[in-house]
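With TSV, N, CA and C atoms inside, this is model23.tsv:
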```tsv
chain	number	residue	atom	x	y	z
A	1	MET	N	90.56	-64.96	199.78
A	1	MET	CA	90.38	-63.79	198.96
A	1	MET	C	89.23	-62.95	199.48
A	2	GLY	N	89.32	-61.68	199.26
A	2	GLY	CA	88.27	-60.77	199.68
A	2	GLY	C	87.06	-60.83	198.76
A	3	ALA	N	86.05	-60.05	199.11
A	3	ALA	CA	84.83	-60.03	198.31
A	3	ALA	C	84.19	-58.66	198.39
A	4	LEU	N	83.46	-58.31	197.35
A	4	LEU	CA	82.68	-57.08	197.32
A	4	LEU	C	81.20	-57.44	197.30
A	5	TRP	N	80.45	-56.73	198.13
A	5	TRP	CA	78.99	-56.85	198.17
A	5	TRP	C	78.52	-55.63	197.40
A	6	ILE	N	77.82	-55.84	196.29
A	6	ILE	CA	77.43	-54.75	195.41
A	6	ILE	C	75.91	-54.71	195.30
A	7	ALA	N	75.33	-53.59	195.69
A	7	ALA	CA	73.87	-53.42	195.64
A	7	ALA	C	73.52	-52.25	194.73
A	8	HIS	N	72.51	-52.47	193.91
A	8	HIS	CA	71.95	-51.42	193.05
A	8	HIS	C	70.50	-51.27	193.49
A	9	VAL	N	70.10	-50.05	193.87
A	9	VAL	CA	68.83	-49.87	194.57
A	9	VAL	C	68.04	-48.68	194.02
A	10	THR	N	66.73	-48.88	193.91
A	10	THR	CA	65.78	-47.79	193.73
A	10	THR	C	64.92	-47.77	194.98
A	11	VAL	N	65.00	-46.70	195.74
A	11	VAL	CA	64.22	-46.58	196.97
A	11	VAL	C	62.82	-46.09	196.63
A	12	THR	N	61.81	-46.79	197.14
A	12	THR	CA	60.42	-46.41	196.89
A	12	THR	C	59.72	-45.89	198.16
A	13	ASP	N	60.30	-46.14	199.33
A	13	ASP	CA	59.78	-45.64	200.61
A	13	ASP	C	60.98	-45.18	201.43
A	14	VAL	N	61.23	-43.88	201.41
A	14	VAL	CA	62.43	-43.32	202.03
A	14	VAL	C	62.48	-43.60	203.54
A	15	GLU	N	61.38	-43.48	204.22
A	15	GLU	CA	61.37	-43.67	205.68
A	15	GLU	C	61.71	-45.12	206.05
A	16	ALA	N	61.05	-46.07	205.43
A	16	ALA	CA	61.32	-47.48	205.73
A	16	ALA	C	62.74	-47.86	205.33
A	17	TYR	N	63.19	-47.36	204.19
A	17	TYR	CA	64.54	-47.70	203.74
A	17	TYR	C	65.59	-47.09	204.67
A	18	GLY	N	65.28	-45.94	205.23
A	18	GLY	CA	66.19	-45.34	206.21
A	18	GLY	C	66.38	-46.23	207.42
A	19	LYS	N	65.32	-46.88	207.86
A	19	LYS	CA	65.41	-47.81	208.99
A	19	LYS	C	66.26	-49.01	208.61
A	20	TYR	N	66.09	-49.50	207.37
A	20	TYR	CA	66.93	-50.58	206.88
A	20	TYR	C	68.41	-50.18	206.96
A	21	ALA	N	68.73	-49.01	206.43
A	21	ALA	CA	70.13	-48.55	206.40
A	21	ALA	C	70.69	-48.41	207.81
A	22	GLU	N	69.88	-47.94	208.73
A	22	GLU	CA	70.30	-47.77	210.12
A	22	GLU	C	70.68	-49.11	210.75
A	23	LEU	N	69.94	-50.16	210.44
A	23	LEU	CA	70.20	-51.48	211.01
A	23	LEU	C	71.22	-52.29	210.21
A	24	ALA	N	71.25	-52.09	208.90
A	24	ALA	CA	72.14	-52.87	208.05
A	24	ALA	C	73.61	-52.55	208.29
A	25	GLY	N	73.92	-51.28	208.51
A	25	GLY	CA	75.32	-50.88	208.73
A	25	GLY	C	76.00	-51.66	209.84
A	26	PRO	N	75.41	-51.71	211.04
A	26	PRO	CA	76.04	-52.49	212.11
A	26	PRO	C	76.11	-53.99	211.82
A	27	ALA	N	75.12	-54.53	211.13
A	27	ALA	CA	75.15	-55.96	210.77
A	27	ALA	C	76.30	-56.24	209.82
A	28	ILE	N	76.50	-55.36	208.86
A	28	ILE	CA	77.59	-55.51	207.90
A	28	ILE	C	78.94	-55.40	208.61
A	29	ALA	N	79.09	-54.41	209.48
A	29	ALA	CA	80.34	-54.24	210.23
A	29	ALA	C	80.63	-55.45	211.11
A	30	LYS	N	79.61	-56.02	211.73
A	30	LYS	CA	79.77	-57.17	212.61
A	30	LYS	C	80.38	-58.36	211.87
A	31	HIS	N	80.15	-58.44	210.57
A	31	HIS	CA	80.66	-59.55	209.77
A	31	HIS	C	81.92	-59.17	208.99
A	32	GLY	N	82.57	-58.09	209.40
A	32	GLY	CA	83.84	-57.70	208.79
A	32	GLY	C	83.70	-56.85	207.55
A	33	GLY	N	82.48	-56.39	207.26
A	33	GLY	CA	82.26	-55.57	206.08
A	33	GLY	C	82.55	-54.10	206.34
A	34	GLU	N	83.08	-53.43	205.35
A	34	GLU	CA	83.30	-51.99	205.43
A	34	GLU	C	82.85	-51.36	204.12
A	35	PHE	N	82.18	-50.22	204.22
A	35	PHE	CA	81.66	-49.57	203.02
A	35	PHE	C	82.77	-48.92	202.22
A	36	VAL	N	82.74	-49.14	200.92
A	36	VAL	CA	83.67	-48.54	199.97
A	36	VAL	C	82.96	-47.40	199.24
A	37	ALA	N	81.69	-47.61	198.91
A	37	ALA	CA	80.87	-46.61	198.24
A	37	ALA	C	79.45	-46.75	198.78
A	38	ARG	N	78.81	-45.61	198.98
A	38	ARG	CA	77.47	-45.65	199.57
A	38	ARG	C	76.65	-44.48	199.04
A	39	GLY	N	76.00	-44.71	197.89
A	39	GLY	CA	75.10	-43.70	197.35
A	39	GLY	C	75.77	-42.52	196.71
A	40	GLY	N	77.02	-42.65	196.32
A	40	GLY	CA	77.73	-41.53	195.72
A	40	GLY	C	77.42	-41.36	194.24
A	41	ARG	N	78.09	-40.42	193.66
A	41	ARG	CA	77.93	-40.10	192.24
A	41	ARG	C	78.33	-41.31	191.39
A	42	PHE	N	77.62	-41.53	190.29
A	42	PHE	CA	77.93	-42.64	189.40
A	42	PHE	C	77.58	-42.26	187.97
A	43	VAL	N	78.11	-43.02	187.04
A	43	VAL	CA	77.78	-42.88	185.63
A	43	VAL	C	77.34	-44.26	185.15
A	44	GLN	N	76.10	-44.37	184.70
A	44	GLN	CA	75.56	-45.64	184.20
A	44	GLN	C	75.97	-45.79	182.75
A	45	LEU	N	76.76	-46.79	182.43
A	45	LEU	CA	77.22	-46.99	181.06
A	45	LEU	C	76.41	-48.05	180.33
A	46	GLU	N	75.91	-49.04	181.05
A	46	GLU	CA	75.11	-50.10	180.44
A	46	GLU	C	74.10	-50.60	181.47
A	47	GLY	N	73.04	-51.22	181.00
A	47	GLY	CA	72.08	-51.88	181.87
A	47	GLY	C	71.12	-50.91	182.54
A	48	LYS	N	70.33	-51.49	183.44
A	48	LYS	CA	69.29	-50.72	184.14
A	48	LYS	C	69.91	-49.80	185.19
A	49	GLU	N	69.55	-48.55	185.15
A	49	GLU	CA	70.06	-47.58	186.12
A	49	GLU	C	69.27	-47.67	187.42
A	50	ARG	N	69.98	-47.69	188.52
A	50	ARG	CA	69.40	-47.59	189.86
A	50	ARG	C	70.08	-46.38	190.52
A	51	PRO	N	69.32	-45.48	191.12
A	51	PRO	CA	69.91	-44.25	191.63
A	51	PRO	C	70.78	-44.40	192.88
A	52	ARG	N	70.70	-45.54	193.57
A	52	ARG	CA	71.53	-45.74	194.76
A	52	ARG	C	72.38	-46.98	194.55
A	53	ASN	N	73.67	-46.83	194.72
A	53	ASN	CA	74.61	-47.94	194.55
A	53	ASN	C	75.50	-48.02	195.78
A	54	VAL	N	75.66	-49.23	196.30
A	54	VAL	CA	76.42	-49.43	197.53
A	54	VAL	C	77.40	-50.57	197.31
A	55	VAL	N	78.65	-50.36	197.74
A	55	VAL	CA	79.67	-51.39	197.67
A	55	VAL	C	80.30	-51.51	199.06
A	56	ALA	N	80.36	-52.75	199.56
A	56	ALA	CA	81.03	-53.02	200.83
A	56	ALA	C	82.08	-54.11	200.59
A	57	ARG	N	83.21	-53.99	201.26
A	57	ARG	CA	84.29	-54.97	201.15
A	57	ARG	C	84.20	-55.91	202.35
A	58	PHE	N	84.33	-57.20	202.08
A	58	PHE	CA	84.32	-58.24	203.12
A	58	PHE	C	85.60	-59.06	203.02
A	59	PRO	N	85.97	-59.74	204.10
A	59	PRO	CA	87.18	-60.57	204.06
A	59	PRO	C	87.09	-61.75	203.09
A	60	SER	N	85.87	-62.23	202.82
A	60	SER	CA	85.69	-63.38	201.93
A	60	SER	C	84.25	-63.43	201.43
A	61	VAL	N	84.03	-64.22	200.40
A	61	VAL	CA	82.67	-64.46	199.91
A	61	VAL	C	81.83	-65.06	201.03
A	62	GLU	N	82.43	-65.99	201.76
A	62	GLU	CA	81.70	-66.67	202.84
A	62	GLU	C	81.26	-65.69	203.92
A	63	ALA	N	82.11	-64.73	204.25
A	63	ALA	CA	81.74	-63.72	205.27
A	63	ALA	C	80.59	-62.85	204.77
A	64	ALA	N	80.62	-62.49	203.50
A	64	ALA	CA	79.55	-61.66	202.93
A	64	ALA	C	78.22	-62.41	202.91
A	65	VAL	N	78.26	-63.68	202.53
A	65	VAL	CA	77.04	-64.48	202.49
A	65	VAL	C	76.53	-64.74	203.91
A	66	ALA	N	77.44	-64.99	204.85
A	66	ALA	CA	77.04	-65.18	206.25
A	66	ALA	C	76.38	-63.91	206.78
A	67	CYS	N	76.88	-62.77	206.41
A	67	CYS	CA	76.27	-61.50	206.82
A	67	CYS	C	74.85	-61.43	206.29
A	68	TYR	N	74.68	-61.69	205.00
A	68	TYR	CA	73.35	-61.63	204.39
A	68	TYR	C	72.37	-62.56	205.10
A	69	ASN	N	72.81	-63.74	205.46
A	69	ASN	CA	71.95	-64.74	206.08
A	69	ASN	C	71.79	-64.56	207.59
A	70	SER	N	72.53	-63.62	208.18
A	70	SER	CA	72.48	-63.44	209.64
A	70	SER	C	71.14	-62.88	210.09
A	71	ALA	N	70.80	-63.17	211.33
A	71	ALA	CA	69.54	-62.66	211.92
A	71	ALA	C	69.51	-61.14	211.91
A	72	GLU	N	70.66	-60.51	212.18
A	72	GLU	CA	70.72	-59.05	212.24
A	72	GLU	C	70.43	-58.43	210.87
A	73	TYR	N	71.06	-58.98	209.83
A	73	TYR	CA	70.84	-58.41	208.50
A	73	TYR	C	69.43	-58.70	208.01
A	74	GLN	N	68.93	-59.89	208.27
A	74	GLN	CA	67.57	-60.23	207.84
A	74	GLN	C	66.54	-59.34	208.52
A	75	ALA	N	66.78	-58.97	209.78
A	75	ALA	CA	65.88	-58.03	210.48
A	75	ALA	C	65.91	-56.67	209.78
A	76	ALA	N	67.09	-56.23	209.37
A	76	ALA	CA	67.21	-54.97	208.63
A	76	ALA	C	66.51	-55.09	207.28
A	77	LEU	N	66.70	-56.21	206.61
A	77	LEU	CA	66.15	-56.42	205.28
A	77	LEU	C	64.62	-56.37	205.28
A	78	ASP	N	64.02	-56.72	206.39
A	78	ASP	CA	62.55	-56.62	206.49
A	78	ASP	C	62.06	-55.22	206.16
A	79	PHE	N	62.87	-54.19	206.49
A	79	PHE	CA	62.49	-52.81	206.20
A	79	PHE	C	62.71	-52.44	204.73
A	80	ALA	N	63.66	-53.11	204.07
A	80	ALA	CA	63.94	-52.81	202.66
A	80	ALA	C	62.92	-53.46	201.73
A	81	ARG	N	62.39	-54.60	202.15
A	81	ARG	CA	61.38	-55.29	201.32
A	81	ARG	C	60.14	-54.41	201.25
A	82	GLY	N	59.66	-54.16	200.08
A	82	GLY	CA	58.51	-53.30	199.91
A	82	GLY	C	58.86	-51.82	199.93
A	83	ALA	N	60.10	-51.48	200.25
A	83	ALA	CA	60.53	-50.09	200.29
A	83	ALA	C	61.59	-49.81	199.23
A	84	SER	N	61.90	-50.84	198.42
A	84	SER	CA	62.94	-50.66	197.41
A	84	SER	C	62.86	-51.77	196.37
A	85	GLU	N	63.47	-51.49	195.24
A	85	GLU	CA	63.74	-52.50	194.21
A	85	GLU	C	65.26	-52.62	194.20
A	86	ARG	N	65.78	-53.85	194.31
A	86	ARG	CA	67.22	-54.02	194.50
A	86	ARG	C	67.77	-55.20	193.73
A	87	GLU	N	69.01	-55.10	193.40
A	87	GLU	CA	69.82	-56.23	192.98
A	87	GLU	C	71.01	-56.25	193.93
A	88	LEU	N	71.39	-57.43	194.37
A	88	LEU	CA	72.52	-57.57	195.30
A	88	LEU	C	73.35	-58.76	194.86
A	89	MET	N	74.66	-58.57	194.79
A	89	MET	CA	75.55	-59.67	194.45
A	89	MET	C	76.81	-59.58	195.29
A	90	VAL	N	77.47	-60.72	195.40
A	90	VAL	CA	78.78	-60.78	196.05
A	90	VAL	C	79.76	-61.27	194.98
A	91	VAL	N	80.88	-60.55	194.85
A	91	VAL	CA	81.89	-60.86	193.84
A	91	VAL	C	83.23	-61.03	194.54
A	92	GLU	N	83.87	-62.15	194.30
A	92	GLU	CA	85.21	-62.38	194.87
A	92	GLU	C	86.20	-61.44	194.20
A	93	THR	N	87.09	-60.85	194.99
A	93	THR	CA	88.12	-59.97	194.45
A	93	THR	C	89.37	-60.78	194.11
A	94	SER	N	90.26	-60.16	193.38
A	94	SER	CA	91.47	-60.87	192.95
A	94	SER	C	92.70	-60.45	193.75
A	95	ASP	N	92.47	-59.96	194.98
A	95	ASP	CA	93.62	-59.52	195.80
A	95	ASP	C	94.33	-60.66	196.47
```
What do you get writing this file as structure tokens?
Amino acid sequence: MGALWIAHVTVTDVEAYGKYAELAGPAIAKHGGEFVARGGRFVQLEGKERPRNVVARFPSVEAAVACYNSAEYQAALDFARGASERELMVVETSD
């Protein structure tokens, strides 16, 4: 089954977070991920609002978790730490 990687983000350092985004995209693609939504318009109906929301589709939960744990993604994540407040989850799809 497929999986969605869902991130809710408040960027606190635009320059550093830009470097994260530049490196994270190729790391995600390398693990079979493709972006479904990336910072587009949203309506917050419940919970804490984060102004940036990103959804990527992966072939499986395992592929998404492997991406997160990969050296490439962790190198990108170094730029997001201290430059954002984030929540990230992987959810298995029902396809």
To one decimal place, how far is atom N of Glu34 (chain A) from atom C of Asp78 (chain A) in Å?
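These atoms are spaced 21.1 Å apart.
The gap separating CA of Ile28 (chain A) from CA of Tyr68 (chain A) is 8.2 Å, in Å to one decimal.
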Quick one: residues within 7 Å of Ala63 (chain A), only N, CA and C atoms counted, chain neighbours fewer than 5 positions away excluded, as a ChimeraX atom specification?
/A:31-32,58,68
Tell me, in Å to one decimal, how far CA of Pro51 (chain A) is from CA of Val11 (chain A).
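Those two atoms sit 8.1 Å apart.
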Region 10-72 of chain A: which residues are strand (DSSP E or B) by DSSP, as number ranges by chain?
A: 10-11, 34-38, 52-58
What are the closest atom pairs, with distances in Å to one decimal, for all residues of region 52-78 of chain A lying within 6 Å of region 18-25 of chain A? Consider only N, CA and C atoms, order rows by chain and residue number, and present the result as a Markdown table.
```
| residue | atom | partner | partner_atom | distance |
| --- | --- | --- | --- | --- |
| A:Tyr73 | CA | A:Ala24 | CA | 5.7 |
| A:Ala76 | C | A:Tyr20 | CA | 4.5 |
| A:Leu77 | N | A:Tyr20 | CA | 5.6 |
```
May I have the residues within 7 Å of Ala7 (chain A) as JSON, numbers by chain, using only C-alpha atoms and disregarding those fewer than 6 positions away in the same chain?
{"A": [53, 54, 55, 86, 87, 88, 89]}
I need the residue nearest Glu92 (chain A) from this list: A:Asn69, A:Ser60, A:Thr12, A:Gln44. Use all atoms listed in the file for the distance.
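Selected residue with least distance to Glu92 (chain A): A:Ser60.
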Looking at all atoms listed in the file, which of A:Gly82, A:Pro26, A:Gly33, A:Gly47 is the one that sits closest to Pro59 (chain A)?
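Distance minimum relative to Pro59 (chain A) lands on A:Gly33.
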Nearest residue to Phe42 (chain A) from the set A:Glu15, A:His8, A:Val65, A:Gln74 (distances using only C-alpha atoms):
A:His8
Among region 18-77 of chain A, which residues carry a DSSP assignment of helix (DSSP H, G or I), reported as a PyMOL selection string?
chain A and resi 18-30+61-69+71-77
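Close contacts of Val90 (chain A), defined as residues with an atom at most 7 Å away when counting all atoms listed in the file, with chain neighbours fewer than 2 positions off set aside, comprise Ala3, Leu4, Trp5, Ile6, Val61, Ala64, Leu88 and Glu92 of chain A.
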Pick from A:Val91, A:Ala83, A:Val43, A:Ala71: nearest to Thr10 (chain A), with only N, CA and C atoms counted?
A:Ala83
From the list A:Ala75, A:Arg81, A:Ala37, A:Lys48, the nearest residue to Tyr17 (chain A) using all atoms listed in the file is A:Arg81
